[in-house]
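Here is input-v2.cif, consisting of mmCIF, C-alpha atoms:
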```cif
data_run
#
loop_
_atom_site.group_PDB
_atom_site.id
_atom_site.type_symbol
_atom_site.label_atom_id
_atom_site.label_comp_id
_atom_site.auth_asym_id
_atom_site.auth_seq_id
_atom_site.Cartn_x
_atom_site.Cartn_y
_atom_site.Cartn_z
ATOM 1 C CA MET A 1 5.029 -1.151 -17.265
ATOM 2 C CA ALA A 2 6.755 0.839 -14.545
ATOM 3 C CA ASN A 3 7.563 4.535 -14.890
ATOM 4 C CA TRP A 4 10.720 5.302 -12.941
ATOM 5 C CA GLN A 5 10.323 9.041 -13.518
ATOM 6 C CA LEU A 6 7.538 8.937 -10.929
ATOM 7 C CA ILE A 7 10.226 8.723 -8.233
ATOM 8 C CA GLU A 8 11.348 12.218 -9.211
ATOM 9 C CA GLU A 9 7.764 13.378 -9.708
ATOM 10 C CA VAL A 10 6.982 12.575 -6.080
ATOM 11 C CA ARG A 11 9.970 14.624 -4.949
ATOM 12 C CA ARG A 12 9.163 17.482 -7.305
ATOM 13 C CA LYS A 13 5.433 17.716 -6.593
ATOM 14 C CA ASN A 14 5.572 16.845 -2.865
ATOM 15 C CA PRO A 15 2.080 15.248 -2.847
ATOM 16 C CA LEU A 16 -0.047 15.763 0.241
ATOM 17 C CA VAL A 17 -1.077 12.317 1.456
ATOM 18 C CA HIS A 18 -3.780 12.127 4.101
ATOM 19 C CA VAL A 19 -3.497 8.897 6.066
ATOM 20 C CA ILE A 20 -5.991 7.415 8.501
ATOM 21 C CA THR A 21 -3.940 4.596 9.921
ATOM 22 C CA ASN A 22 -3.424 2.497 13.010
ATOM 23 C CA ILE A 23 -1.655 3.527 16.191
ATOM 24 C CA VAL A 24 1.109 0.964 15.702
ATOM 25 C CA VAL A 25 2.486 2.407 12.457
ATOM 26 C CA ALA A 26 1.597 6.113 12.311
ATOM 27 C CA ASN A 27 5.098 7.398 13.070
ATOM 28 C CA ASP A 28 6.903 5.142 10.599
ATOM 29 C CA SER A 29 4.306 5.842 7.920
ATOM 30 C CA ALA A 30 4.754 9.596 8.309
ATOM 31 C CA ASN A 31 8.542 9.351 8.305
ATOM 32 C CA GLY A 32 8.505 7.066 5.281
ATOM 33 C CA LEU A 33 6.368 9.519 3.321
ATOM 34 C CA LEU A 34 8.693 12.356 4.258
ATOM 35 C CA ALA A 35 11.687 10.265 3.199
ATOM 36 C CA ILE A 36 10.385 9.778 -0.351
ATOM 37 C CA GLY A 37 9.499 13.462 -0.705
ATOM 38 C CA ALA A 38 5.778 13.388 0.072
ATOM 39 C CA SER A 39 3.947 15.361 2.749
ATOM 40 C CA PRO A 40 1.866 13.371 5.286
ATOM 41 C CA ILE A 41 -1.213 14.367 7.269
ATOM 42 C CA MET A 42 -2.137 11.820 9.953
ATOM 43 C CA ALA A 43 -5.468 13.239 11.118
ATOM 44 C CA ALA A 44 -8.511 11.270 12.255
ATOM 45 C CA ALA A 45 -11.105 13.701 13.621
ATOM 46 C CA VAL A 46 -14.357 13.251 11.720
ATOM 47 C CA GLU A 47 -15.003 17.017 11.915
ATOM 48 C CA GLU A 48 -12.187 17.808 9.460
ATOM 49 C CA MET A 49 -12.388 14.803 7.143
ATOM 50 C CA GLU A 50 -14.525 16.451 4.469
ATOM 51 C CA GLU A 51 -12.043 19.312 4.041
ATOM 52 C CA LEU A 52 -8.997 17.052 4.058
ATOM 53 C CA GLY A 53 -10.520 14.663 1.552
ATOM 54 C CA GLY A 54 -11.139 17.590 -0.760
ATOM 55 C CA PHE A 55 -7.621 19.016 -0.883
ATOM 56 C CA ALA A 56 -5.260 16.076 -0.235
ATOM 57 C CA ASP A 57 -3.577 14.640 -3.340
ATOM 58 C CA ALA A 58 -4.336 11.126 -2.116
ATOM 59 C CA VAL A 59 -6.092 9.474 0.832
ATOM 60 C CA VAL A 60 -4.946 6.237 2.464
ATOM 61 C CA ILE A 61 -7.374 4.330 4.692
ATOM 62 C CA ASN A 62 -5.855 1.669 6.963
ATOM 63 C CA ILE A 63 -8.174 -0.346 9.223
ATOM 64 C CA GLY A 64 -5.486 -1.673 11.568
ATOM 65 C CA THR A 65 -6.909 -0.347 14.843
ATOM 66 C CA LEU A 66 -10.596 0.205 14.279
ATOM 67 C CA ASP A 67 -13.298 1.846 16.338
ATOM 68 C CA ALA A 68 -16.752 3.070 15.349
ATOM 69 C CA GLN A 69 -15.814 6.759 15.259
ATOM 70 C CA LEU A 70 -12.790 6.043 13.084
ATOM 71 C CA VAL A 71 -14.967 4.155 10.618
ATOM 72 C CA GLU A 72 -17.196 7.220 10.273
ATOM 73 C CA ALA A 73 -14.122 9.377 9.636
ATOM 74 C CA MET A 74 -12.988 6.937 6.950
ATOM 75 C CA LEU A 75 -16.345 7.103 5.216
ATOM 76 C CA VAL A 76 -16.466 10.903 5.279
ATOM 77 C CA VAL A 77 -12.936 11.391 3.956
ATOM 78 C CA GLY A 78 -13.302 8.681 1.332
ATOM 79 C CA LYS A 79 -16.510 10.146 -0.048
ATOM 80 C CA ALA A 80 -15.046 13.660 -0.026
ATOM 81 C CA ALA A 81 -11.985 12.471 -1.937
ATOM 82 C CA ASN A 82 -14.213 10.664 -4.447
ATOM 83 C CA ALA A 83 -16.225 13.837 -4.972
ATOM 84 C CA ALA A 84 -13.025 15.832 -5.518
ATOM 85 C CA GLY A 85 -11.589 13.266 -7.929
ATOM 86 C CA LYS A 86 -8.729 12.328 -5.601
ATOM 87 C CA PRO A 87 -7.475 8.725 -5.358
ATOM 88 C CA VAL A 88 -8.291 6.646 -2.275
ATOM 89 C CA ILE A 89 -6.190 3.644 -1.226
ATOM 90 C CA LEU A 90 -7.492 0.904 1.079
ATOM 91 C CA ASP A 91 -5.251 -1.167 3.334
ATOM 92 C CA PRO A 92 -7.657 -3.790 4.759
ATOM 93 C CA VAL A 93 -5.492 -4.908 7.690
ATOM 94 C CA GLY A 94 -6.749 -8.204 9.133
ATOM 95 C CA ALA A 95 -9.831 -7.957 6.919
ATOM 96 C CA GLY A 96 -11.114 -11.419 7.763
ATOM 97 C CA ALA A 97 -10.023 -11.601 11.399
ATOM 98 C CA THR A 98 -13.253 -10.473 13.085
ATOM 99 C CA THR A 99 -16.870 -9.783 12.234
ATOM 100 C CA PHE A 100 -16.336 -6.048 12.848
ATOM 101 C CA ARG A 101 -13.475 -5.944 10.362
ATOM 102 C CA ARG A 102 -15.336 -7.937 7.734
ATOM 103 C CA GLU A 103 -18.400 -5.706 8.030
ATOM 104 C CA THR A 104 -16.279 -2.545 7.976
ATOM 105 C CA VAL A 105 -14.437 -3.597 4.837
ATOM 106 C CA ARG A 106 -17.705 -4.462 3.113
ATOM 107 C CA ARG A 107 -19.155 -1.073 4.029
ATOM 108 C CA LEU A 108 -16.066 0.826 2.883
ATOM 109 C CA LEU A 109 -16.048 -1.028 -0.430
ATOM 110 C CA ARG A 110 -19.752 -0.398 -0.882
ATOM 111 C CA GLU A 111 -19.645 3.350 -0.174
ATOM 112 C CA ILE A 112 -16.214 4.443 -1.441
ATOM 113 C CA GLN A 113 -14.580 3.960 -4.835
ATOM 114 C CA PHE A 114 -11.001 2.897 -4.199
ATOM 115 C CA ALA A 115 -8.233 3.482 -6.727
ATOM 116 C CA VAL A 116 -6.107 0.809 -5.054
ATOM 117 C CA ILE A 117 -6.586 -2.017 -2.573
ATOM 118 C CA ARG A 118 -3.275 -3.220 -1.116
ATOM 119 C CA GLY A 119 -2.935 -6.050 1.365
ATOM 120 C CA ASN A 120 -1.505 -9.487 1.995
ATOM 121 C CA MET A 121 -2.905 -12.728 0.603
ATOM 122 C CA GLY A 122 -5.086 -13.431 3.618
ATOM 123 C CA GLU A 123 -6.709 -9.995 3.455
ATOM 124 C CA LEU A 124 -7.387 -10.097 -0.278
ATOM 125 C CA ALA A 125 -8.620 -13.679 -0.068
ATOM 126 C CA SER A 126 -11.135 -12.553 2.551
ATOM 127 C CA ILE A 127 -12.382 -9.784 0.271
ATOM 128 C CA ALA A 128 -12.577 -12.224 -2.635
ATOM 129 C CA GLY A 129 -14.493 -14.777 -0.548
ATOM 130 C CA VAL A 130 -11.752 -17.384 -0.964
ATOM 131 C CA ASP A 131 -11.048 -19.876 1.825
ATOM 132 C CA TRP A 132 -7.806 -18.958 3.559
ATOM 133 C CA GLN A 133 -6.379 -19.800 6.970
ATOM 134 C CA ALA A 134 -5.253 -16.534 8.562
ATOM 135 C CA ARG A 135 -4.494 -15.584 12.151
ATOM 136 C CA GLY A 136 -5.034 -11.966 13.174
ATOM 137 C CA VAL A 137 -3.382 -9.587 10.724
ATOM 138 C CA ASP A 138 -0.860 -12.141 9.398
ATOM 139 C CA ALA A 139 -1.018 -13.344 5.809
ATOM 140 C CA GLY A 140 -1.768 -16.893 6.955
ATOM 141 C CA THR A 141 -1.637 -19.980 4.767
ATOM 142 C CA GLY A 142 -3.375 -21.157 1.631
ATOM 143 C CA ASP A 143 -2.727 -21.805 -2.041
ATOM 144 C CA ALA A 144 -0.274 -19.055 -3.043
ATOM 145 C CA SER A 145 -0.762 -19.968 -6.699
ATOM 146 C CA MET A 146 -4.199 -18.346 -6.440
ATOM 147 C CA ALA A 147 -2.701 -14.846 -6.052
ATOM 148 C CA ALA A 148 -3.223 -13.904 -9.696
ATOM 149 C CA GLU A 149 -6.801 -15.170 -9.684
ATOM 150 C CA ILE A 150 -7.643 -13.386 -6.435
ATOM 151 C CA ALA A 151 -6.046 -10.105 -7.521
ATOM 152 C CA GLN A 152 -7.850 -10.168 -10.847
ATOM 153 C CA LYS A 153 -11.188 -11.097 -9.291
ATOM 154 C CA VAL A 154 -11.133 -8.313 -6.685
ATOM 155 C CA ALA A 155 -9.856 -5.760 -9.207
ATOM 156 C CA ARG A 156 -12.716 -6.555 -11.575
ATOM 157 C CA GLU A 157 -15.403 -6.632 -8.928
ATOM 158 C CA TYR A 158 -14.457 -3.315 -7.350
ATOM 159 C CA LYS A 159 -13.069 -1.596 -10.473
ATOM 160 C CA THR A 160 -9.748 -0.954 -8.831
ATOM 161 C CA VAL A 161 -6.071 -1.906 -8.917
ATOM 162 C CA VAL A 162 -5.166 -4.660 -6.475
ATOM 163 C CA ALA A 163 -1.702 -5.152 -5.005
ATOM 164 C CA ILE A 164 -1.085 -8.349 -3.049
ATOM 165 C CA SER A 165 2.154 -8.040 -1.098
ATOM 166 C CA GLY A 166 4.282 -11.019 -0.165
ATOM 167 C CA GLU A 167 7.432 -12.875 -1.109
ATOM 168 C CA VAL A 168 6.234 -12.205 -4.650
ATOM 169 C CA ASP A 169 4.017 -9.158 -5.143
ATOM 170 C CA THR A 170 1.029 -9.632 -7.452
ATOM 171 C CA ILE A 171 -0.667 -6.621 -9.028
ATOM 172 C CA SER A 172 -3.734 -6.488 -11.271
ATOM 173 C CA ASP A 173 -6.102 -3.952 -12.773
ATOM 174 C CA GLY A 174 -8.589 -6.716 -13.606
ATOM 175 C CA LYS A 175 -7.076 -7.273 -17.038
ATOM 176 C CA GLN A 176 -3.314 -7.449 -16.666
ATOM 177 C CA VAL A 177 -1.616 -9.399 -13.877
ATOM 178 C CA VAL A 178 1.981 -8.495 -13.071
ATOM 179 C CA THR A 179 4.398 -9.920 -10.505
ATOM 180 C CA ILE A 180 7.354 -8.287 -8.771
ATOM 181 C CA GLN A 181 10.053 -10.575 -7.434
ATOM 182 C CA ASN A 182 12.115 -8.132 -5.408
ATOM 183 C CA GLY A 183 12.503 -7.446 -1.715
ATOM 184 C CA ASP A 184 14.259 -8.851 1.325
ATOM 185 C CA SER A 185 13.045 -11.261 4.002
ATOM 186 C CA LEU A 186 13.646 -8.641 6.702
ATOM 187 C CA LEU A 187 10.778 -6.490 5.413
ATOM 188 C CA PRO A 188 7.997 -8.499 7.110
ATOM 189 C CA ARG A 189 10.029 -8.527 10.336
ATOM 190 C CA ILE A 190 9.473 -4.806 10.930
ATOM 191 C CA THR A 191 6.037 -3.666 12.040
ATOM 192 C CA GLY A 192 4.060 -1.781 9.452
ATOM 193 C CA SER A 193 6.166 -2.412 6.361
ATOM 194 C CA GLY A 194 2.993 -3.181 4.415
ATOM 195 C CA CYS A 195 1.195 -0.194 5.901
ATOM 196 C CA LEU A 196 3.999 2.112 4.785
ATOM 197 C CA LEU A 197 3.896 0.588 1.302
ATOM 198 C CA SER A 198 0.225 1.561 1.059
ATOM 199 C CA CYS A 199 1.196 5.140 1.931
ATOM 200 C CA VAL A 200 4.009 5.152 -0.640
ATOM 201 C CA ILE A 201 1.574 3.849 -3.242
ATOM 202 C CA GLY A 202 -0.749 6.703 -2.302
ATOM 203 C CA ALA A 203 2.010 9.243 -2.965
ATOM 204 C CA PHE A 204 2.812 7.731 -6.365
ATOM 205 C CA VAL A 205 -0.825 7.479 -7.412
ATOM 206 C CA GLY A 206 -1.277 11.093 -6.330
ATOM 207 C CA VAL A 207 1.206 12.296 -8.984
ATOM 208 C CA SER A 208 0.428 9.865 -11.810
ATOM 209 C CA ASN A 209 -2.146 9.628 -14.579
ATOM 210 C CA SER A 210 -1.965 5.819 -14.519
ATOM 211 C CA VAL A 211 -2.906 4.008 -11.314
ATOM 212 C CA LEU A 212 -1.477 0.667 -12.471
ATOM 213 C CA GLU A 213 1.797 2.271 -13.506
ATOM 214 C CA ALA A 214 2.053 4.096 -10.183
ATOM 215 C CA VAL A 215 1.358 0.963 -8.120
ATOM 216 C CA LEU A 216 3.933 -1.054 -10.064
ATOM 217 C CA THR A 217 6.599 1.615 -9.751
ATOM 218 C CA ALA A 218 5.981 2.254 -6.068
ATOM 219 C CA SER A 219 5.928 -1.441 -5.177
ATOM 220 C CA ALA A 220 9.066 -2.297 -7.124
ATOM 221 C CA SER A 221 11.011 0.724 -5.878
ATOM 222 C CA TYR A 222 9.988 -0.025 -2.301
ATOM 223 C CA ALA A 223 11.112 -3.646 -2.562
ATOM 224 C CA ILE A 224 14.417 -2.693 -4.185
ATOM 225 C CA ALA A 225 15.082 -0.202 -1.368
ATOM 226 C CA SER A 226 14.892 -3.098 1.093
ATOM 227 C CA GLU A 227 17.533 -4.971 -0.920
ATOM 228 C CA TYR A 228 19.854 -1.973 -0.788
ATOM 229 C CA ALA A 229 19.220 -1.548 2.934
ATOM 230 C CA VAL A 230 20.347 -5.088 3.738
ATOM 231 C CA LYS A 231 23.622 -4.542 1.881
ATOM 232 C CA THR A 232 24.544 -1.724 4.284
ATOM 233 C CA LEU A 233 24.127 -3.825 7.433
ATOM 234 C CA GLN A 234 26.910 -5.461 9.398
ATOM 235 C CA ARG A 235 24.330 -7.655 11.127
ATOM 236 C CA GLN A 236 21.046 -8.466 9.416
ATOM 237 C CA LEU A 237 18.700 -7.686 12.293
ATOM 238 C CA PRO A 238 15.288 -5.957 12.254
ATOM 239 C CA ALA A 239 16.109 -2.793 14.229
ATOM 240 C CA ALA A 240 19.172 -1.949 12.155
ATOM 241 C CA PHE A 241 17.278 -2.796 8.979
ATOM 242 C CA ARG A 242 14.426 -0.442 9.936
ATOM 243 C CA VAL A 243 16.783 2.552 10.092
ATOM 244 C CA ALA A 244 18.708 1.568 6.968
ATOM 245 C CA PHE A 245 15.485 1.038 5.020
ATOM 246 C CA LEU A 246 14.219 4.527 5.835
ATOM 247 C CA ASP A 247 17.527 5.949 4.630
ATOM 248 C CA GLU A 248 17.265 3.987 1.389
ATOM 249 C CA LEU A 249 13.768 5.347 0.778
ATOM 250 C CA ALA A 250 15.264 8.815 1.129
ATOM 251 C CA SER A 251 17.965 8.112 -1.470
ATOM 252 C CA TRP A 252 16.356 5.670 -3.900
ATOM 253 C CA ASP A 253 16.258 8.154 -6.764
ATOM 254 C CA THR A 254 20.033 7.580 -7.225
ATOM 255 C CA HIS A 255 19.599 3.844 -7.776
ATOM 256 C CA ASP A 256 19.249 2.043 -11.067
ATOM 257 C CA GLN A 257 15.698 0.837 -10.409
ATOM 258 C CA GLU A 258 15.014 -0.321 -13.951
ATOM 259 C CA LYS A 259 18.095 -2.563 -13.971
ATOM 260 C CA LEU A 260 17.230 -4.245 -10.664
ATOM 261 C CA ALA A 261 13.450 -4.539 -10.978
ATOM 262 C CA ASN A 262 12.237 -8.082 -11.586
ATOM 263 C CA ILE A 263 8.800 -7.369 -13.056
ATOM 264 C CA LYS A 264 6.940 -9.955 -15.131
ATOM 265 C CA GLU A 265 3.589 -9.795 -16.875
ATOM 266 C CA VAL A 266 1.867 -13.131 -16.234
ATOM 267 C CA LEU A 267 -1.551 -12.400 -17.759
#
```
Go ahead and express the file in the form of structure tokens.
Amino acid sequence: MANWQLIEEVRRKNPLVHVITNIVVANDSANGLLAIGASPIMAAAVEEMEELGGFADAVVINIGTLDAQLVEAMLVVGKAANAAGKPVILDPVGAGATTFRRETVRRLLREIQFAVIRGNMGELASIAGVDWQARGVDAGTGDASMAAEIAQKVAREYKTVVAISGEVDTISDGKQVVTIQNGDSLLPRITGSGCLLSCVIGAFVGVSNSVLEAVLTASASYAIASEYAVKTLQRQLPAAFRVAFLDELASWDTHDQEKLANIKEVL
């Protein structure tokens, strides 16, 4: 299911990943992409979106800190990437939190073909139209057993690969449903860990012929890096973990990913 050679492919090909993201996570997202061997562009001016969408190897759209002008930039770059045959990844941060976010996500999904949609359970439940109690951008609470159903439903409806991140990651292309049971509890305690995962997925999809394979490999490798990071800490605290995690992303090609990955096909 996973293709661990993609770790080396990212380093060898140095994919150019154009990221429209939120102001909270831009620096960590750029540094994380550099750590794995990718090359980030963090531009947002609508005037250059058509060009960037045409030559980037992948485009990541993150709606964390929205405004009307940024939405227009997202639409331009997404359509340009579609026209150029480049993959587009959507991170629908807080998708159900406000009317503006819900309407923006609907418009993006209507006008852009996404290769991947990655978010937490609350965000994907909102897209799927499933009742879920979320607060702001947090995952919120609901029936976690519905993850497979929600992932499969959204993947089928939007002809994409869905990755639901959480204690257990759930990934579906609308046919298969796969879970990844790796990762450490410190990951959600650093801001933007999910946002960076979307960027890492973008880099992997940008060098792969299989979107599902790329999403599985990126997600599992990312989670395993967090497990390695915790082992290096004297005190398991978020700030120290943040630095150690970045270092593990930079060195994860030396790890036995296949041995540690806990990947299961559930459907």
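The protein and nucleic acid residues lying at most 9 Å from region 255-260 of chain A are Ala2, Asn3, Trp4, Asn182, Ala220, Ser221, Ile224, Ala225, Ser251, Trp252, Asp253 and Asn262 of chain A, with all atoms listed in the file considered and sequence neighbours fewer than 2 positions away removed.
Restricting the calculation to only C-alpha atoms, the smallest distance between Leu187 (chain A) and any of A:Ala58, A:Ala115, A:Ala26, A:Leu237 is found for A:Leu237.
With all atoms listed in the file as the basis for measurement, A:Val10 is the residue among A:Ala147, A:Val10, A:Ala261, A:Val178 that approaches Ile36 (chain A) most closely.
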**OP:** Using only C-alpha atoms, find the one residue out of A:His18, A:Lys231, A:Lys264, A:Lys13 that sits nearest to Val88 (chain A).
**Re:** A:His18
Original post:
Got a sec to resolve the PyMOL selection byres ((chain A and resi 29) around 8) on this structure and send the residues as a PyMOL selection string?
Top reply: chain A and resi 25-28+30-33+192+195-196+199
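Residues near the point (-14.8, 3.5, 13.8), at a distance of 12 Å or less over only C-alpha atoms, make up Ile20, Thr21, Asn22, Ala44, Ala45, Val46, Ile61, Asn62, Ile63, Gly64, Thr65, Leu66, Asp67, Ala68, Gln69, Leu70, Val71, Glu72, Ala73, Met74, Leu75, Val76, Phe100, Arg101, Glu103, Thr104, Val105, Arg107 and Leu108 of chain A.
Residue membership of the PyMOL selection byres ((chain A and resi 173) around 8) in the shown file amounts to Gln152, Ala155, Arg156, Lys159, Thr160, Val161, Val162, Ile171, Ser172, Gly174, Lys175, Gln176, Val177 and Leu212 of chain A.
Checking A:Gly194, A:Gly183, A:Gly202, A:Gly54 one by one against Ile263 (chain A), counting only C-alpha atoms, you find the shortest gap at A:Gly183.
Using all atoms listed in the file, the nearest neighbour of Leu16 (chain A) within the list A:Arg118, A:Ser126, A:Gly206, A:Ser185 is A:Gly206.
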Subject >> Straight-line distance linking CA of Ile112 (chain A) with CA of Glu48 (chain A), stated in Å to one decimal >> reply: 17.7 Å
